[in-house]
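Below: the structure, in structure tokens.
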Amino acid sequence: MFVLLFDIDGTLIQSGGAGIAALNLACTQVFGKTETKPIPVHGCTDRGIISNLFAAHEIENTPDNWQRFQDTYLEILPTTLSERSGRVLPGVVELLDELQQRNDVALGLLTGNTQRGAEIKLDHYGINSYFDFGGFGEEHAHRDDVARLAFDNACKHLDTDVNRSQVWVLGDTPADIQCGRAINANVVALLTGGVDREVLAQGNPDLLLDDLSDAREFVSKLN
């Protein structure tokens, strides 16, 4: 059984900045921070992003503040998604359709989004139903830990010890390559997230593709 773990932002979809917009609005609504400071988000988990956001604005990182912020962010996110000109990236639906028809492939997520945030984004673009399990970013600040969670959840979902040589991580940042290696998985790196080819190539992914419309070589390896 092949297990394919997909990143979301920059790999499956581009949201037009809807996630960042929702984060900034939530920071204003919950904590009154009208001038939000820029923080890194590429390849980061929601737990790490929000922790950095709190530190930048000197907000105490308590469970109550996390929960209030997260609840507000999730309320705002559908609106910012509808206001932005996002899209499903090239080749994604065609590839997922093809893979879903196979009985030797399991499709999951490996994302820095929280589980509910991932569902909202993928529901908005009509592709959430392809995925039955995953690792998400509400608990872990480091993507390697999310990868371990995704692998464990794949084993639970399939009720078997998955052969790591048949696990593929698909993502668009060096963090995706690194977390794939953390679980001894194969990695497809994609140029759809804005990271330079040379930067991704330095991580030595097993495949480096322009986008998922160029997936024949990848599919040929699932045999």
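Here's how to read the names in the structure tokens: chain A, B, ... by the order shown, residue numbers from 1 in each chain, ligand numbers from 1 in the order shown.
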Please report as a tab-separated table every residue of stretch 159-218 of chain A lying within 9 Å of stretch 9-18 of chain A, along with the nearest atom pair and their distance in Å (one decimal), using only C-alpha atoms.
```
residue	atom	partner	partner_atom	distance
A:Leu170	CA	A:Thr11	CA	7.4
A:Gly171	CA	A:Thr11	CA	5.5
A:Asp172	CA	A:Thr11	CA	5.8
A:Thr173	CA	A:Gly10	CA	8.5
A:Ala189	CA	A:Thr11	CA	8.9
A:Leu190	CA	A:Thr11	CA	6.9
A:Leu191	CA	A:Gly10	CA	8.5
A:Thr192	CA	A:Gly10	CA	5.6
A:Gly193	CA	A:Gly10	CA	4.1
A:Gly194	CA	A:Gly10	CA	7.8
A:Asp211	CA	A:Thr11	CA	8.1
A:Leu212	CA	A:Thr11	CA	8.5
```
Can you tell me which residues surround A:His57 at a distance of at most 12 Å, considering only C-alpha atoms, apart from same-chain residues fewer than 2 positions away, and format the answer as a PDB file with C-alpha atoms, in the first residue's frame?
```pdb
ATOM      1  CA  ASN A  24      -4.167  39.296  11.026  1.00  0.00           C
ATOM      2  CA  CYS A  27      -5.166  39.293  16.007  1.00  0.00           C
ATOM      3  CA  THR A  28      -6.990  42.601  15.707  1.00  0.00           C
ATOM      4  CA  PHE A  31      -6.175  41.354  21.040  1.00  0.00           C
ATOM      5  CA  GLY A  32      -6.726  44.788  19.485  1.00  0.00           C
ATOM      6  CA  LYS A  33      -3.472  44.692  17.509  1.00  0.00           C
ATOM      7  CA  THR A  34      -4.258  46.978  14.579  1.00  0.00           C
ATOM      8  CA  GLU A  35      -0.763  46.916  13.073  1.00  0.00           C
ATOM      9  CA  THR A  36       0.195  43.283  12.810  1.00  0.00           C
ATOM     10  CA  LYS A  37       3.862  42.475  12.348  1.00  0.00           C
ATOM     11  CA  PRO A  38       5.034  40.160   9.546  1.00  0.00           C
ATOM     12  CA  ILE A  39       6.065  36.689  10.629  1.00  0.00           C
ATOM     13  CA  ILE A  50       0.631  31.657  16.246  1.00  0.00           C
ATOM     14  CA  SER A  51       3.376  31.257  18.846  1.00  0.00           C
ATOM     15  CA  ASN A  52       5.589  33.583  16.778  1.00  0.00           C
ATOM     16  CA  LEU A  53       2.681  35.996  16.309  1.00  0.00           C
ATOM     17  CA  PHE A  54       2.106  36.116  20.063  1.00  0.00           C
ATOM     18  CA  ALA A  55       5.809  36.689  20.724  1.00  0.00           C
ATOM     19  CA  ILE A  59       0.801  38.419  23.836  1.00  0.00           C
ATOM     20  CA  GLU A  60       0.957  35.810  26.579  1.00  0.00           C
ATOM     21  CA  ASN A  61       0.969  32.354  25.019  1.00  0.00           C
TER      22      ASN A  61
END
```
Q: Pick out the residues sitting within 10 Å of A:Ile120, and hand them over as a ChimeraX atom specification; count only C-alpha atoms, and ignore anything fewer than 3 positions along from it in its own chain.
A: /A:74-75,77-78,81,114-117,123-126,128
Selected residues written out, C-alpha atoms, as an mmCIF file, in the first residue's frame:
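Saved as result.cif:
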```cif
data_model
loop_
_atom_site.group_PDB
_atom_site.id
_atom_site.type_symbol
_atom_site.label_atom_id
_atom_site.label_comp_id
_atom_site.auth_asym_id
_atom_site.auth_seq_id
_atom_site.Cartn_x
_atom_site.Cartn_y
_atom_site.Cartn_z
ATOM 1 C CA LEU A 74 -11.586 29.721 12.050
ATOM 2 C CA GLU A 75 -14.684 31.945 12.055
ATOM 3 C CA LEU A 77 -11.265 32.072 7.394
ATOM 4 C CA PRO A 78 -14.306 31.201 5.213
ATOM 5 C CA LEU A 81 -11.234 32.588 1.337
ATOM 6 C CA THR A 114 -4.966 22.702 12.122
ATOM 7 C CA GLN A 115 -7.368 19.940 11.189
ATOM 8 C CA ARG A 116 -10.365 22.269 11.119
ATOM 9 C CA GLY A 117 -8.434 24.920 9.188
ATOM 10 C CA ASP A 123 -13.930 22.290 1.439
ATOM 11 C CA HIS A 124 -13.843 25.780 -0.073
ATOM 12 C CA TYR A 125 -12.018 24.418 -3.117
ATOM 13 C CA GLY A 126 -14.014 21.186 -3.282
ATOM 14 C CA ASN A 128 -11.532 17.744 1.016
#
```
Q: Just the residues within 9 Å of stretch 136-146 of chain A, please, counting only C-alpha atoms, with nothing from its chain fewer than 3 positions along; format it as a PyMOL selection string.
A: chain A and resi 43-49+51+109-115+118+149-151+175-176+178-183
Q. If we count only C-alpha atoms, what is near A:Ala154 at a cut-off of 8 Å, once residues fewer than 3 positions away on the same chain are taken out, given as a PyMOL selection string?
A. chain A and resi 3+108+133-134+150-151+157-158+162
Go ahead and write the residues just picked, C-alpha atoms, as a tab-separated table (two decimals), in the first residue's frame.
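Writing the result to result-v1.tsv gives the following:
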```
chain	number	residue	atom	x	y	z
A	3	VAL	CA	0.68	6.26	1.40
A	108	GLY	CA	-3.62	11.74	3.41
A	133	PHE	CA	-6.46	10.97	7.53
A	134	GLY	CA	-3.44	13.15	8.15
A	150	ALA	CA	0.76	11.78	9.88
A	151	PHE	CA	2.66	8.50	9.54
A	157	HIS	CA	-6.24	4.34	9.44
A	158	LEU	CA	-4.98	1.37	7.41
A	162	VAL	CA	3.07	0.88	6.67
```
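Comparing A:Ala215, A:Ile177, A:Ala22, A:Leu107 by their smallest distance to A:Val199, the closest is A:Ile177 (using only C-alpha atoms).
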Q. What is the distance, in Å and to one decimal place, between atom CA of A:Gln202 and atom CA of A:Asn186?
A. 15.3 Å
Q) For A:Asn163, which residue among A:Val219, A:Ala56, A:Val105, A:Ala185 is the nearest when counting only C-alpha atoms? A) A:Ala185
Q: Using DSSP on the backbone coordinates, identify all residues within stretch 26-196 of chain A classified as helix (DSSP H, G or I); present the result as number ranges by chain.
A: A: 26-31, 46-56, 63-83, 92-100, 115-124, 128-130, 143-158, 164-166, 174-182, 191-193
